[in-house]
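Data from run.pdb: PDB, C-alpha atoms, pLDDT in the B column
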```
ATOM      1  CA  MET V   1    -117.585 -67.186-167.484  1.00 78.00           C
ATOM      2  CA  ALA V   2    -114.582 -65.031-168.325  1.00 89.00           C
ATOM      3  CA  GLU V   3    -112.826 -63.209-165.539  1.00 93.00           C
ATOM      4  CA  TYR V   4    -111.839 -59.553-165.854  1.00 97.00           C
ATOM      5  CA  GLU V   5    -108.200 -58.672-165.178  1.00 97.00           C
ATOM      6  CA  TRP V   6    -109.131 -56.708-162.045  1.00 98.00           C
ATOM      7  CA  GLN V   7    -110.980 -59.778-160.737  1.00 98.00           C
ATOM      8  CA  ARG V   8    -107.951 -61.993-161.360  1.00 97.00           C
ATOM      9  CA  ILE V   9    -105.704 -59.527-159.540  1.00 98.00           C
ATOM     10  CA  ALA V  10    -108.135 -59.192-156.613  1.00 98.00           C
ATOM     11  CA  ARG V  11    -108.408 -63.001-156.378  1.00 97.00           C
ATOM     12  CA  THR V  12    -104.621 -63.393-156.424  1.00 97.00           C
ATOM     13  CA  ILE V  13    -104.146 -60.778-153.703  1.00 98.00           C
ATOM     14  CA  GLU V  14    -106.934 -62.341-151.623  1.00 97.00           C
ATOM     15  CA  GLU V  15    -105.238 -65.742-151.914  1.00 97.00           C
ATOM     16  CA  ASP V  16    -101.963 -64.163-150.735  1.00 97.00           C
ATOM     17  CA  ILE V  17    -103.787 -62.592-147.786  1.00 96.00           C
ATOM     18  CA  ARG V  18    -105.718 -65.703-146.751  1.00 94.00           C
ATOM     19  CA  SER V  19    -102.637 -67.935-147.067  1.00 95.00           C
ATOM     20  CA  GLY V  20    -100.621 -65.602-144.828  1.00 94.00           C
ATOM     21  CA  ARG V  21     -98.150 -64.563-147.543  1.00 96.00           C
ATOM     22  CA  ILE V  22     -99.367 -61.029-146.780  1.00 96.00           C
ATOM     23  CA  PRO V  23    -100.083 -61.008-143.027  1.00 96.00           C
ATOM     24  CA  PRO V  24    -102.659 -58.866-141.181  1.00 95.00           C
ATOM     25  CA  GLY V  25    -101.262 -55.360-141.021  1.00 96.00           C
ATOM     26  CA  GLY V  26     -98.975 -56.114-143.949  1.00 96.00           C
ATOM     27  CA  ALA V  27     -98.572 -53.535-146.691  1.00 97.00           C
ATOM     28  CA  LEU V  28     -99.409 -54.234-150.302  1.00 98.00           C
ATOM     29  CA  SER V  29     -97.061 -53.028-153.025  1.00 96.00           C
ATOM     30  CA  GLY V  30     -97.771 -49.633-154.544  1.00 96.00           C
ATOM     31  CA  ILE V  31    -100.186 -49.290-157.441  1.00 96.00           C
ATOM     32  CA  THR V  32     -97.477 -48.570-160.009  1.00 96.00           C
ATOM     33  CA  ARG V  33     -95.393 -51.538-158.901  1.00 97.00           C
ATOM     34  CA  MET V  34     -98.417 -53.872-158.958  1.00 97.00           C
ATOM     35  CA  ALA V  35     -99.444 -52.598-162.399  1.00 98.00           C
ATOM     36  CA  GLU V  36     -95.970 -53.401-163.716  1.00 98.00           C
ATOM     37  CA  ALA V  37     -95.912 -56.816-162.013  1.00 97.00           C
ATOM     38  CA  TYR V  38     -99.322 -57.824-163.397  1.00 97.00           C
ATOM     39  CA  GLY V  39     -98.775 -56.147-166.769  1.00 97.00           C
ATOM     40  CA  VAL V  40    -101.917 -54.000-166.519  1.00 98.00           C
ATOM     41  CA  ALA V  41    -102.875 -50.331-166.315  1.00 98.00           C
ATOM     42  CA  ASP V  42    -102.929 -48.484-162.986  1.00 97.00           C
ATOM     43  CA  ARG V  43    -106.722 -48.200-163.172  1.00 98.00           C
ATOM     44  CA  THR V  44    -107.020 -51.995-163.318  1.00 98.00           C
ATOM     45  CA  VAL V  45    -105.074 -52.327-160.059  1.00 98.00           C
ATOM     46  CA  ARG V  46    -107.149 -49.527-158.515  1.00 98.00           C
ATOM     47  CA  ARG V  47    -110.335 -51.422-159.409  1.00 98.00           C
ATOM     48  CA  ALA V  48    -108.982 -54.617-157.819  1.00 98.00           C
ATOM     49  CA  LEU V  49    -108.041 -52.729-154.649  1.00 98.00           C
ATOM     50  CA  ARG V  50    -111.484 -51.117-154.518  1.00 98.00           C
ATOM     51  CA  ASP V  51    -113.055 -54.575-154.618  1.00 98.00           C
ATOM     52  CA  LEU V  52    -110.814 -55.787-151.781  1.00 98.00           C
ATOM     53  CA  ARG V  53    -111.667 -52.667-149.736  1.00 97.00           C
ATOM     54  CA  GLU V  54    -115.398 -53.130-150.314  1.00 97.00           C
ATOM     55  CA  ARG V  55    -115.106 -56.715-149.059  1.00 96.00           C
ATOM     56  CA  GLY V  56    -113.240 -55.575-145.949  1.00 95.00           C
ATOM     57  CA  LEU V  57    -109.939 -57.295-146.710  1.00 96.00           C
ATOM     58  CA  ILE V  58    -107.792 -54.189-146.975  1.00 97.00           C
ATOM     59  CA  GLU V  59    -107.837 -50.550-145.993  1.00 97.00           C
ATOM     60  CA  THR V  60    -106.176 -47.749-147.893  1.00 96.00           C
ATOM     61  CA  LEU V  61    -104.677 -44.774-146.104  1.00 94.00           C
ATOM     62  CA  PRO V  62    -104.183 -41.625-148.195  1.00 93.00           C
ATOM     63  CA  HIS V  63    -100.512 -41.129-149.137  1.00 92.00           C
ATOM     64  CA  LYS V  64     -99.590 -44.231-147.094  1.00 94.00           C
ATOM     65  CA  GLY V  65    -100.778 -47.229-149.134  1.00 96.00           C
ATOM     66  CA  SER V  66    -103.000 -50.257-148.701  1.00 97.00           C
ATOM     67  CA  TYR V  67    -102.794 -52.655-145.770  1.00 98.00           C
ATOM     68  CA  VAL V  68    -104.402 -55.967-144.830  1.00 97.00           C
ATOM     69  CA  VAL V  69    -107.017 -55.520-142.122  1.00 96.00           C
ATOM     70  CA  ASP V  70    -106.770 -57.281-138.789  1.00 89.00           C
ATOM     71  CA  PRO V  71    -108.779 -59.367-138.135  1.00 81.00           C
ATOM     72  CA  LEU V  72    -109.766 -60.687-141.540  1.00 77.00           C
ATOM     73  CA  PRO V  73    -113.445 -61.192-142.294  1.00 79.00           C
ATOM     74  CA  PRO V  74    -114.445 -64.850-142.800  1.00 82.00           C
ATOM     75  CA  ALA V  75    -113.930 -66.278-146.282  1.00 81.00           C
ATOM     76  CA  ASP V  76    -117.044 -66.783-148.392  1.00 72.00           C
ATOM     77  CA  SER V  77    -117.781 -70.427-149.003  1.00 49.00           C
TER
END
```
Let me see the structure of the file written as structure tokens.
Amino acid sequence: MAEYEWQRIARTIEEDIRSGRIPPGGALSGITRMAEAYGVADRTVRRALRDLRERGLIETLPHKGSYVVDPLPPADS
């Protein structure tokens, strides 16, 4: 089954979080910077971040950015 771009971005960020490349409490890059890095529209990054928030991996603070939660929820098997 094909993967949407937002799913690929969310998976990549989750892998960075779970591997420790982005530690608990660590800040994610801004939406514009991520959109440029992944070569997608801002709304695609926003959709990926929404998915990560809904799964409890990150929290987003208005005008502050998105951060990895501490502690992380267990990974789905």
Write out as a PDB file with C-alpha atoms, in the frame of the given file the residues lying within 7 Å of Leu49 (chain V), counting all atoms listed in the file and excluding same-chain residues fewer than 4 positions away.
```
ATOM      1  CA  ALA V  10    -108.135 -59.192-156.613  1.00 98.00           C
ATOM      2  CA  VAL V  45    -105.074 -52.327-160.059  1.00 98.00           C
ATOM      3  CA  ARG V  53    -111.667 -52.667-149.736  1.00 97.00           C
TER       4      ARG V  53
END
```
Evaluate the PyMOL selection byres ((chain V and resi 22) around 12) against this structure - the residues, as a PDB file with C-alpha atoms, in the coordinates of the input, please.
```
ATOM      1  CA  THR V  12    -104.621 -63.393-156.424  1.00 97.00           C
ATOM      2  CA  ILE V  13    -104.146 -60.778-153.703  1.00 98.00           C
ATOM      3  CA  GLU V  14    -106.934 -62.341-151.623  1.00 97.00           C
ATOM      4  CA  GLU V  15    -105.238 -65.742-151.914  1.00 97.00           C
ATOM      5  CA  ASP V  16    -101.963 -64.163-150.735  1.00 97.00           C
ATOM      6  CA  ILE V  17    -103.787 -62.592-147.786  1.00 96.00           C
ATOM      7  CA  ARG V  18    -105.718 -65.703-146.751  1.00 94.00           C
ATOM      8  CA  SER V  19    -102.637 -67.935-147.067  1.00 95.00           C
ATOM      9  CA  GLY V  20    -100.621 -65.602-144.828  1.00 94.00           C
ATOM     10  CA  ARG V  21     -98.150 -64.563-147.543  1.00 96.00           C
ATOM     11  CA  PRO V  23    -100.083 -61.008-143.027  1.00 96.00           C
ATOM     12  CA  PRO V  24    -102.659 -58.866-141.181  1.00 95.00           C
ATOM     13  CA  GLY V  25    -101.262 -55.360-141.021  1.00 96.00           C
ATOM     14  CA  GLY V  26     -98.975 -56.114-143.949  1.00 96.00           C
ATOM     15  CA  ALA V  27     -98.572 -53.535-146.691  1.00 97.00           C
ATOM     16  CA  LEU V  28     -99.409 -54.234-150.302  1.00 98.00           C
ATOM     17  CA  SER V  29     -97.061 -53.028-153.025  1.00 96.00           C
ATOM     18  CA  LEU V  57    -109.939 -57.295-146.710  1.00 96.00           C
ATOM     19  CA  ILE V  58    -107.792 -54.189-146.975  1.00 97.00           C
ATOM     20  CA  SER V  66    -103.000 -50.257-148.701  1.00 97.00           C
ATOM     21  CA  TYR V  67    -102.794 -52.655-145.770  1.00 98.00           C
ATOM     22  CA  VAL V  68    -104.402 -55.967-144.830  1.00 97.00           C
ATOM     23  CA  VAL V  69    -107.017 -55.520-142.122  1.00 96.00           C
ATOM     24  CA  ASP V  70    -106.770 -57.281-138.789  1.00 89.00           C
ATOM     25  CA  LEU V  72    -109.766 -60.687-141.540  1.00 77.00           C
TER      26      LEU V  72
END
```
Query raised in the report: What does the distance between CA of Arg55 (chain V) and CA of Ile9 (chain V) come to in Å, to one decimal place?
Result: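 It comes out at 14.4 Å.
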Requested in this report: One decimal, Å: what's the distance from CA of Tyr4 (chain V) over to CA of Thr44 (chain V), could you say?
Outcome: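 Taking CA of Tyr4 (chain V) and CA of Thr44 (chain V), their separation equals 9.3 Å.
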Requested in this report: Specify as a list in words each residue included when the PyMOL selection byres ((chain V and resi 32) around 10) is applied to this file.
Outcome: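 Applying the expression gives Ser29, Gly30, Ile31, Arg33, Met34, Ala35, Glu36, Ala37, Val40, Ala41, Asp42, Arg43, Val45 and Arg46 of chain V.
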Query raised in the report: What is the CA of Arg50 (chain V) to CA of Trp6 (chain V) distance in Å?
Result: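 That distance, rounded to one decimal, is 9.7 Å.
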Edge lengths and centre in Å to one decimal, as JSON, is what I'm after for the box along x, y and z that holds all listed atoms of region 17-25 of chain V once 5 Å is added on each side.
```
{"center_x": -101.9, "center_y": -61.6, "center_z": -144.4, "size_x": 17.6, "size_y": 22.6, "size_z": 16.8}
```
